[in-house]
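Visitor: The following block contains the structure, expressed as structure tokens.
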Amino acid sequence: MASSRKPRQRHDAAPAGERRLLESLREAVEAALRPATSVLPADALTSQARRPRTPPPAPLLIAFSGGRDSTALLHACCSLRAAKLRAFKDLRAVHVHHALHASADHWALQCVALGERVGVPVEVRRVLVARRGRGLEAAARAARYEALAVAALAQRAALVLTAHHQDDRIETFLLQWLRGAGVDGLAAFPTARAFADGLVQLVRPFVAVPRSDLAAYVERHGLPFIKDPSNEDTRLARNALRHRVLPVLSEMRPGFERAAARSVDLVAEAAQVLREVATGDLADCIAGATGASRAALRLDRLQALSSARQALVLRQWLAQLGIEAPPRARLSEIVAQALCARSDARMLVRIGASEVRRHRGLLLLRTVDATRECEGLRVLWQGERVIEVPAWGGALQFIEVGEGAEGFDPAWLRAAPLELRGRGGGERFKPNASRPSRTLKRLFQDAGVPEFERGNLPLVWREDRLIFVAALGADVRLTDRDGPRVQLRWQPASDLIQPASEG
């Protein structure tokens, strides 16, 4: 006889895949938040009553597209919050509205609604996807990460979490392989990296979790998610790999994903070792580059390296200066012009808005300002300490000095406008009282100012007299020590190349 009682509801234990998913999330977040370990002194205070109060945890910001993967991430974070894990106490999410699909507004509303359902506020940030010569995917990705960085800083988030998983990493590896990328590209993306100018960490807790585990998690919890039809468009390279290539590989070798993930890990380790080698070599090449910043390398030390390490140093150098490394052929051109050409040959290799030059034993990187107007620019000094001159990429400083110091009469400077001009050719100037006037060309040569840098240096005129030249100083025929005086100084917005020794 069957019982009339309702069967007691069974709460099955979470399957192994879900446990792995939650554990990966917990470990990744706690590792990213863990401060550097330090050794406490033997007499360190250990009394609970005397320990400083621990501040509340900073927010975790979840990148939430509303798709299946990010929905699993959002819900998993809420599960760990429910389990009273302190790191997950303050959860927030941001949805980036790309305005690329007719349903984009509806998707944003769905994300906000799901956030309200699980108790996580969702901020919607609209972006303008500007292609600027890039593919649509790359342009959308750049806009998305910029929006995430701004949101993270605005919300004072400790971490930004994204739902990239093991399959995404394998797809990225294959895409980079098809493009002929080096080890940095083949290493795909790390679990964590600096983000938002180094003020936040971007963490991908699921890089070792297969897509199937995320799909199973979403299905088990009955979570609604957005299905973006563009993910099925096999005209896009990543989708073609996902829908056409990876299934064939899986049929050829079931479970290949785990082995492929190991290979990506090994490539990432190799890339890290190469970065460490390049960092050390770069420090040696920068050391002793007299009068220059990190935008200069010593050619003698670069030449002492093997060709492979020379390329590594150049890539690392450009990366530290915020410039995307050029193709291998362009790097080879830089090395050839810098190290193999005649010592008196002029060198110029352009990389986007920057150019690489050679000067007195140094390899130099400088930004080219193609918009600068060379016509005269007038300013009227009324006692300010600084007059910004954006057209010349810097500022004119006015430094008050007491009696006995050389400078201009301030009343004389105020009496007429000052005009900033470029070189016209043939100008003569006298910056040193014990020497005759000379042409600017000769003075720049004696001062070690590179020829290609001279066009960035303004000449300051008062009426028809050249009174000051950036990098050279004032004309001593117009200065004296008869009372309080004012000295002029030119401060570029970014460091110009200063005179340097041959090294």
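Each chain of the structure tokens is named A, B, ... in the order shown, its residues numbered from 1; ligands are numbered from 1 in display order.
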Considering only C-alpha atoms, return as a VMD selection string whatever protein or nucleic-acid residues lie within 9 Å of region 145-153 of chain A, sequence-local ones (same chain, fewer than 5 positions apart) excluded.

Guide: chain A and resid 60 to 61 63 94 to 96 123 125 to 127 140 158 to 160 195 to 197 199 to 200

Visitor: Which residues are close to Ala16 (chain A), i.e. within 10 Å by only C-alpha atoms, leaving aside same-chain residues fewer than 4 positions away? Reply as a list in words.

Guide: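 Near Ala16 (chain A), the qualifying residues are Arg20, Leu21 and Asp213 of chain A.
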
Visitor: Could the residues in this selection be saved with N, CA and C atoms as a PDB file, in the first residue's frame?

Guide:
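Writing the result to selection.pdb gives the following:
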ATOM      1  N   ARG A  20      33.907  21.967  -8.176  1.00  0.00           N
ATOM      2  CA  ARG A  20      35.161  22.481  -8.747  1.00  0.00           C
ATOM      3  C   ARG A  20      35.017  23.946  -9.145  1.00  0.00           C
ATOM      4  N   LEU A  21      33.864  24.275  -9.715  1.00  0.00           N
ATOM      5  CA  LEU A  21      33.609  25.642 -10.158  1.00  0.00           C
ATOM      6  C   LEU A  21      33.645  26.602  -8.974  1.00  0.00           C
ATOM      7  N   ASP A 213      30.985  22.648 -17.518  1.00  0.00           N
ATOM      8  CA  ASP A 213      30.658  22.802 -16.099  1.00  0.00           C
ATOM      9  C   ASP A 213      29.795  24.032 -15.864  1.00  0.00           C
TER      10      ASP A 213
END

Visitor: Enumerate, as a ChimeraX atom specification, the complete set of residues in region 67-280 of chain A that a backbone-based DSSP assignment places in strand (DSSP E or B).

Guide: /A:91-97,122-126,159-161,165,192-195,200-203,206

Visitor: Can you spit out the residues from that selection as a PDB file, in the first residue's frame, using C-alpha atoms?

Guide:
ATOM      1  CA  LEU A  91      28.994  42.088  -4.724  1.00  0.00           C
ATOM      2  CA  ARG A  92      28.255  44.450  -7.584  1.00  0.00           C
ATOM      3  CA  ALA A  93      27.938  44.007 -11.325  1.00  0.00           C
ATOM      4  CA  VAL A  94      28.281  46.092 -14.455  1.00  0.00           C
ATOM      5  CA  HIS A  95      26.643  45.424 -17.813  1.00  0.00           C
ATOM      6  CA  VAL A  96      28.293  47.050 -20.830  1.00  0.00           C
ATOM      7  CA  HIS A  97      25.736  48.174 -23.404  1.00  0.00           C
ATOM      8  CA  VAL A 122      23.786  46.006 -11.753  1.00  0.00           C
ATOM      9  CA  GLU A 123      25.104  49.202 -13.310  1.00  0.00           C
ATOM     10  CA  VAL A 124      24.532  49.619 -17.056  1.00  0.00           C
ATOM     11  CA  ARG A 125      27.281  51.477 -18.916  1.00  0.00           C
ATOM     12  CA  ARG A 126      26.714  52.501 -22.524  1.00  0.00           C
ATOM     13  CA  LEU A 159      38.716  43.118  -8.251  1.00  0.00           C
ATOM     14  CA  VAL A 160      36.916  42.873 -11.569  1.00  0.00           C
ATOM     15  CA  LEU A 161      35.742  39.322 -12.267  1.00  0.00           C
ATOM     16  CA  HIS A 165      36.816  29.717 -19.012  1.00  0.00           C
ATOM     17  CA  ALA A 192      44.820  37.592 -12.947  1.00  0.00           C
ATOM     18  CA  ARG A 193      46.489  40.748 -14.212  1.00  0.00           C
ATOM     19  CA  ALA A 194      46.800  44.403 -13.323  1.00  0.00           C
ATOM     20  CA  PHE A 195      43.926  46.525 -14.608  1.00  0.00           C
ATOM     21  CA  VAL A 200      42.594  47.138  -9.741  1.00  0.00           C
ATOM     22  CA  GLN A 201      43.094  43.471 -10.575  1.00  0.00           C
ATOM     23  CA  LEU A 202      41.215  41.736 -13.369  1.00  0.00           C
ATOM     24  CA  VAL A 203      40.576  38.137 -12.314  1.00  0.00           C
ATOM     25  CA  PHE A 206      37.252  29.973 -14.389  1.00  0.00           C
TER      26      PHE A 206
END

Visitor: Excluding Gln166 (chain A) and any residue of its chain fewer than 5 positions from it, enumerate the residues within 7 Å of it, using only C-alpha atoms, and give them as an NGL selection string.

Guide: :A and (206-211 or 261)

Visitor: What would the file look like if the residues just selected were written as a compact mmCIF listing (two decimals), in the first residue's frame with C-alpha atoms?

Guide:
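To be explicit, this is the file written out as out-v9.txt:
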# COMPACT_ATOMS: atom_id res chain seq x y z
CA PHE A 206 37.25 29.97 -14.39
CA VAL A 207 40.31 29.61 -16.66
CA ALA A 208 40.66 25.98 -15.53
CA VAL A 209 36.90 25.29 -15.66
CA PRO A 210 35.43 23.82 -18.87
CA ARG A 211 32.43 25.40 -20.54
CA ALA A 261 45.04 23.54 -21.41

Visitor: For Glu419 (chain A), work out the shell of residues within 10 Å, counting only C-alpha atoms and skipping chain neighbours fewer than 6 positions away, then give it as a VMD selection string.

Guide: chain A and resid 375 to 380 458 to 464 466

Visitor: For the residues selected in the previous step, produce a file with C-alpha atoms as a PDB file, in the first residue's frame.

Guide:
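After the write, again-v5.pdb holds the following:
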ATOM      1  CA  GLU A 375      53.424  79.906 -36.708  1.00  0.00           C
ATOM      2  CA  GLY A 376      54.136  82.483 -34.030  1.00  0.00           C
ATOM      3  CA  LEU A 377      52.080  82.160 -30.846  1.00  0.00           C
ATOM      4  CA  ARG A 378      51.785  85.257 -28.659  1.00  0.00           C
ATOM      5  CA  VAL A 379      51.457  85.281 -24.867  1.00  0.00           C
ATOM      6  CA  LEU A 380      51.259  88.284 -22.550  1.00  0.00           C
ATOM      7  CA  PRO A 458      60.275  76.930 -29.108  1.00  0.00           C
ATOM      8  CA  LEU A 459      62.165  80.185 -29.565  1.00  0.00           C
ATOM      9  CA  VAL A 460      60.849  83.073 -27.440  1.00  0.00           C
ATOM     10  CA  TRP A 461      60.938  86.497 -29.069  1.00  0.00           C
ATOM     11  CA  ARG A 462      60.149  89.946 -27.651  1.00  0.00           C
ATOM     12  CA  GLU A 463      59.379  92.301 -30.488  1.00  0.00           C
ATOM     13  CA  ASP A 464      62.286  91.605 -32.888  1.00  0.00           C
ATOM     14  CA  LEU A 466      65.329  86.508 -29.695  1.00  0.00           C
TER      15      LEU A 466
END

Visitor: Between CA of Leu457 (chain A) and CA of Arg357 (chain A), what is the distance, to one decimal in Å?

Guide: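 Answer for the CA of Leu457 (chain A) to CA of Arg357 (chain A) separation: 17.1 Å.
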
Visitor: Mind pulling up the distance from CA of Ala471 (chain A) to CA of Gln397 (chain A)?

Guide: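 These two atoms are separated by 13.1 Å.
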
Visitor: Tell me which protein, DNA and RNA residues are within 10 Å of Asp409 (chain A), counting only C-alpha atoms, leaving out same-chain ones fewer than 5 positions away, and put them as a list in words.

Guide: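 Result of the neighbour search: Arg414, Leu478, Thr479, Asp480, Arg481, Asp482, Gly483, Pro484, Arg485, Val486 and Gln487 of chain A.
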
Visitor: Applying 9 Å and only C-alpha atoms, which residues near Arg309 (chain A) remain after dropping the ones on its own chain fewer than 5 positions away? List them as number ranges by chain.

Guide: A: 274, 277-278, 281, 302, 314

Visitor: Out of A:Ala102, A:Arg454, A:Arg253, A:Trp412, which residue has the shortest atom-to-atom distance to Pro229 (chain A) when counting only C-alpha atoms?

Guide: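 Of A:Ala102, A:Arg454, A:Arg253, A:Trp412, the one nearest Pro229 (chain A), counting only C-alpha atoms, is A:Ala102.
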
Visitor: Mind giving me the straight-line distance from CA of Ala82 (chain A) to CA of Arg220 (chain A) in Å, one decimal?

Guide: 17.7 Å
